[in-house]
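The file upload25.cif contains mmCIF, C-alpha atoms:
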data_input
#
loop_
_atom_site.label_atom_id
_atom_site.label_comp_id
_atom_site.auth_asym_id
_atom_site.auth_seq_id
_atom_site.Cartn_x
_atom_site.Cartn_y
_atom_site.Cartn_z
CA LEU A 108 114.37 -138.37 12.12
CA ARG A 109 113.47 -140.06 8.86
CA MET A 110 116.82 -141.13 7.45
CA ILE A 111 120.36 -141.94 8.53
CA ALA A 112 122.86 -141.62 5.69
CA THR A 113 126.44 -142.72 6.20
CA CYS A 114 129.41 -142.20 3.91
CA SER A 115 130.74 -145.62 4.86
CA ILE A 116 130.30 -149.09 3.45
CA GLY A 117 129.28 -150.69 6.72
CA THR A 118 126.28 -149.95 8.88
CA ASN A 119 127.35 -151.98 11.91
CA MET A 120 127.66 -148.78 13.96
CA ILE A 121 123.90 -148.21 13.60
CA ASP A 122 121.23 -150.19 15.42
CA LEU A 123 119.40 -151.29 12.28
CA ARG A 124 116.64 -153.07 14.16
CA ALA A 125 115.81 -149.98 16.23
CA ALA A 126 115.92 -147.80 13.12
CA SER A 127 113.56 -150.15 11.32
CA GLU A 128 111.17 -150.22 14.27
CA GLN A 129 111.07 -146.42 14.19
CA GLY A 130 110.54 -146.31 10.41
CA ILE A 131 113.97 -144.73 9.85
CA VAL A 132 115.64 -145.47 6.53
CA VAL A 133 119.37 -146.25 6.74
CA SER A 134 121.53 -145.80 3.66
CA ASN A 135 125.19 -146.41 3.05
CA GLN A 136 127.52 -146.45 0.04
CA PRO A 137 128.37 -150.06 -0.75
CA GLY A 138 131.06 -150.46 -3.35
CA LYS A 139 131.99 -146.77 -3.60
CA THR A 140 135.24 -147.15 -1.68
CA ALA A 141 136.10 -150.63 -3.00
CA PRO A 142 139.01 -149.38 -5.18
CA ILE A 143 140.49 -147.44 -2.24
CA VAL A 144 140.23 -150.38 0.15
CA ALA A 145 141.58 -152.79 -2.47
CA GLU A 146 144.64 -150.58 -3.06
CA HIS A 147 145.13 -150.45 0.71
CA ILE A 148 145.06 -154.26 0.86
CA ILE A 149 147.64 -154.52 -1.92
CA GLY A 150 149.74 -151.84 -0.19
CA LEU A 151 149.65 -153.81 3.07
CA MET A 152 150.66 -156.97 1.21
CA PHE A 153 153.70 -155.15 -0.18
CA ALA A 154 154.55 -153.52 3.17
CA VAL A 155 154.54 -156.86 4.98
CA SER A 156 156.22 -158.87 2.23
CA LYS A 157 159.01 -156.30 1.87
CA ARG A 158 159.27 -155.79 5.66
CA ALA A 159 158.90 -152.03 5.17
CA GLY A 160 158.51 -151.23 8.88
CA PHE A 161 161.60 -153.18 9.89
CA GLN A 162 163.69 -151.86 7.01
CA THR A 163 162.65 -148.27 7.77
CA SER A 164 163.64 -148.59 11.43
CA GLU A 165 166.97 -150.15 10.44
CA LEU A 166 167.73 -147.31 8.04
CA LYS A 167 166.80 -144.72 10.67
CA ALA A 168 169.24 -146.45 13.02
CA GLY A 169 171.97 -146.13 10.39
CA ARG A 170 172.03 -149.80 9.44
CA TRP A 171 171.66 -151.39 6.04
CA THR A 172 170.24 -154.81 6.82
CA THR A 173 169.91 -157.22 3.96
CA MET A 174 167.34 -159.92 4.33
CA GLN A 175 165.29 -162.17 2.13
CA ASN A 176 161.97 -160.52 1.34
CA THR A 177 158.89 -162.30 0.04
CA PHE A 178 158.10 -161.86 -3.62
CA LEU A 179 154.38 -161.71 -4.31
CA GLN A 180 154.60 -162.56 -8.01
CA GLY A 181 153.73 -166.22 -8.47
CA LYS A 182 152.39 -166.56 -4.91
CA THR A 183 148.85 -167.71 -4.12
CA LEU A 184 146.42 -165.15 -2.77
CA GLY A 185 143.39 -166.49 -0.92
CA ILE A 186 140.54 -164.01 -1.00
CA ILE A 187 137.87 -164.43 1.68
CA GLY A 188 134.88 -162.52 0.39
CA THR A 189 134.46 -161.70 -3.29
CA GLY A 190 132.10 -158.73 -3.12
CA ASN A 191 133.06 -155.31 -4.46
CA ILE A 192 136.35 -155.15 -2.56
CA GLY A 193 137.33 -158.77 -3.21
CA LYS A 194 136.61 -158.30 -6.90
CA GLU A 195 138.96 -155.31 -7.06
CA VAL A 196 141.68 -157.05 -5.01
CA THR A 197 141.46 -159.95 -7.47
CA ARG A 198 141.99 -157.61 -10.41
CA LEU A 199 144.97 -155.84 -8.82
CA ALA A 200 146.62 -159.03 -7.55
CA ARG A 201 146.32 -160.63 -10.96
CA ALA A 202 148.10 -157.60 -12.43
CA ILE A 203 151.15 -158.32 -10.24
CA GLY A 204 151.17 -161.99 -11.20
CA MET A 205 149.52 -163.65 -8.22
CA ASN A 206 147.49 -166.85 -8.43
CA ILE A 207 144.06 -166.37 -6.90
CA ILE A 208 141.77 -168.73 -5.01
CA ALA A 209 138.66 -167.65 -3.18
CA TRP A 210 135.96 -168.37 -0.66
CA THR A 211 132.63 -166.61 -0.23
CA PHE A 212 129.35 -167.27 1.56
CA ASN A 213 127.46 -167.71 -1.70
CA PRO A 214 129.78 -169.08 -4.40
CA SER A 215 128.50 -169.62 -7.91
CA ALA A 216 130.02 -170.88 -11.12
CA GLU A 217 128.98 -167.63 -12.84
CA ARG A 218 130.75 -165.46 -10.24
CA ALA A 219 133.86 -167.66 -10.35
CA THR A 220 134.01 -167.31 -14.14
CA ALA A 221 133.42 -163.55 -14.03
CA LEU A 222 136.24 -163.08 -11.50
CA GLY A 223 138.51 -165.75 -12.91
CA VAL A 224 138.85 -167.47 -9.54
CA ARG A 225 138.39 -170.97 -8.20
CA TYR A 226 136.13 -171.18 -5.15
CA MET A 227 137.04 -173.70 -2.47
CA GLU A 228 136.36 -174.54 1.15
CA LEU A 229 137.78 -172.08 3.68
CA ASP A 230 140.10 -174.65 5.28
CA GLN A 231 141.55 -175.49 1.87
CA LEU A 232 142.08 -171.82 1.05
CA LEU A 233 143.89 -171.20 4.34
CA GLN A 234 146.19 -174.20 3.80
CA GLN A 235 147.09 -173.31 0.20
CA SER A 236 147.51 -169.53 0.38
CA ASP A 237 150.74 -167.58 0.77
CA VAL A 238 148.68 -164.45 1.43
CA VAL A 239 145.12 -164.33 2.81
CA SER A 240 142.94 -161.25 2.54
CA ILE A 241 139.61 -161.13 4.37
CA GLN A 242 137.03 -158.51 3.52
CA VAL A 243 133.65 -160.07 4.18
CA ARG A 244 130.73 -158.10 5.57
CA PHE A 245 130.41 -158.35 9.35
CA SER A 246 127.34 -160.33 10.39
CA GLU A 247 126.34 -163.09 12.79
CA ASP A 248 127.72 -165.57 10.24
CA SER A 249 131.11 -163.87 9.98
CA ASP A 250 131.58 -162.90 13.64
CA ARG A 251 135.01 -164.31 14.66
CA MET A 252 135.10 -166.60 11.64
CA ILE A 253 138.89 -166.65 11.81
CA GLY A 254 140.42 -167.84 15.07
CA THR A 255 143.27 -169.91 16.43
CA ARG A 256 142.15 -173.03 14.54
CA GLU A 257 142.03 -171.24 11.18
CA LEU A 258 145.26 -169.30 11.69
CA SER A 259 147.10 -172.51 12.65
CA MET A 260 146.13 -174.03 9.28
CA MET A 261 148.04 -171.36 7.39
CA LYS A 262 151.54 -171.80 6.04
CA LYS A 263 154.31 -170.84 8.46
CA ASN A 264 155.36 -167.67 6.63
CA SER A 265 152.04 -166.65 5.16
CA ILE A 266 150.65 -163.13 5.37
CA PHE A 267 147.18 -162.39 6.76
CA ILE A 268 145.44 -159.10 5.93
CA ASN A 269 142.14 -158.12 7.57
CA CYS A 270 140.50 -155.18 5.82
CA GLY A 271 137.04 -156.06 7.05
CA ARG A 272 135.83 -155.43 10.57
CA ALA A 273 138.02 -156.32 13.56
CA GLU A 274 135.37 -158.73 14.81
CA LEU A 275 135.99 -161.07 11.87
CA VAL A 276 139.10 -162.31 13.69
CA ASP A 277 139.23 -163.74 17.21
#
What is this file in structure tokens?
Amino acid sequence: LRMIATCSIGTNMIDLRAASEQGIVVSNQPGKTAPIVAEHIIGLMFAVSKRAGFQTSELKAGRWTTMQNTFLQGKTLGIIGTGNIGKEVTRLARAIGMNIIAWTFNPSAERATALGVRYMELDQLLQQSDVVSIQVRFSEDSDRMIGTRELSMMKKNSIFINCGRAELVD
């Protein structure tokens, strides 16, 4: 075996250290599915904010239940991770009129300007956001980076979307 090629973004399902020790090259496709994942994130934001699951079950039961839904336009979206996916989520969310704040492991003024976002501390982002989307790469640094403490900082009716790895959230 000389190479492991995966059609995914992540490589966390491969023992990279063992592959390296054996001289096996591991390749993935970073960024290739970013538009698909970003659309999925936006779709989840709409599904939750419009209570699509609840409304569907009510209609199937023969009931027309009116309730106040959340409008995303004008709301603040906190993006945790501004790589390929975060960049695309930013673009799509801006198109529907959301205000965007962000956090990333390696913020820079150049990246903030290019994306049109304001980087801030994670605690600040969690407190200010109406919707939070996390899509950072899974690593030792991001393992369970969101837990009870972080979730309790969020606004009472905020929406949390995890389109990264499950292990990002404890």
Query raised in the report: For A:Glu146, which residue among A:Asn206, A:Thr197, A:Asn119, A:Asn213 is the nearest when counting only C-alpha atoms?
Result: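 For A:Glu146, the nearest of the candidates is A:Thr197.
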Requested in this report: Name the residues that the PyMOL selection byres ((chain A and resi 111-113) around 6) pulls out of this structure, and write them as number ranges by chain.
Outcome: A: 110, 114-115, 133-135
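With all atoms listed in the file as the atoms that count, the minimum distance from A:Arg256 to the choices A:Val276, A:Ile268, A:Val238, A:Val224 is reached by A:Val276.
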Taking all atoms of stretch 242-249 of chain A that the file lists, what box with edges along x, y and z, padded by 3 Å per side, do you get, with centre and edge lengths in Å to one decimal, as AutoDock Vina command-line options?
--center_x 131.7 --center_y -161.8 --center_z 8.2 --size_x 16.7 --size_y 13.5 --size_z 15.3
Report task. For the file shown, report as a ChimeraX atom specification the outcome of the PyMOL selection byres ((chain A and resi 199) around 12) at residue level. Result -> /A:141-150,152,179-180,184,192-198,200-207,222
Requested in this report: Please identify all polymer residues within 8 Å of A:Gln235, counting only C-alpha atoms, omitting same-chain residues fewer than 3 positions from it, and present them as a PyMOL selection string.
Outcome: chain A and resi 183+185+231-232+261-262
Residues just named, written with C-alpha atoms as a PDB file, keeping the file's coordinate frame:
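Generated file (selection.pdb):
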ATOM      1  CA  THR A 183     148.850-167.710  -4.120  1.00  0.00           C
ATOM      2  CA  GLY A 185     143.390-166.490  -0.920  1.00  0.00           C
ATOM      3  CA  GLN A 231     141.550-175.490   1.870  1.00  0.00           C
ATOM      4  CA  LEU A 232     142.080-171.820   1.050  1.00  0.00           C
ATOM      5  CA  MET A 261     148.040-171.360   7.390  1.00  0.00           C
ATOM      6  CA  LYS A 262     151.540-171.800   6.040  1.00  0.00           C
TER       7      LYS A 262
END
Requested in this report: Between A:Val239, A:Ala125, A:Ile116, A:Ala273, single out the one closest to A:Lys139, counting only C-alpha atoms.
Outcome: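 Closest to A:Lys139 of all the choices is A:Ile116.
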Query raised in the report: Could you write out as a list in words the residues that the PyMOL selection byres ((chain A and resi 269) around 10) matches in the shown file?
Result: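 Evaluating the PyMOL selection byres ((chain A and resi 269) around 10) on this file yields Ile148, Leu151, Ile187, Val239, Ser240, Ile241, Gln242, Val243, Phe267, Ile268, Cys270, Gly271, Arg272, Ala273, Glu274, Leu275 and Val276 of chain A.
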Query - A:Ile131 environment, 6 Å, all atoms listed in the file, sequence neighbours closer than 4 positions dropped, as a list in words - result: Arg109, Met110, Ala126 and Ser127 of chain A
Report task. Measuring atom to atom with all atoms listed in the file, identify which of A:Gln129, A:Gln136, A:Ser215, A:Gln234 is nearest to A:Asn191. Result ->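 Smallest distance to A:Asn191 is found for A:Gln136.
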**Report entry** Atomic distance atom CA of A:Gly138 - atom CA of A:Ala219, expressed in Å with one decimal
**Finding:** 18.8 Å
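The closest residue to A:Arg251, picked from A:Gly117, A:Asp277, A:Asp237, A:Leu229 and counting only C-alpha atoms, is A:Asp277.
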Query - Shell around A:Thr211 at 9 Å using all atoms listed in the file, local window under 3 positions removed, as a ChimeraX atom specification - result: /A:186-190,214,226-229,243
Report task. Rounded to one decimal place, report the atom CA of A:Thr140-atom CA of A:Asp248 distance in Å. Result ->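 Taking atom CA of A:Thr140 and atom CA of A:Asp248, their separation equals 23.2 Å.
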Query raised in the report: When distances are computed from all atoms listed in the file, which of A:Ile266, A:Leu108, A:Leu258, A:Leu233 shows the smallest separation from A:Ser156?
Result: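 The shortest atom-to-atom distance to A:Ser156 comes from A:Ile266.
For the pair atom CA of A:Gln175 and atom CA of A:Lys157, the separation is 8.6 Å.
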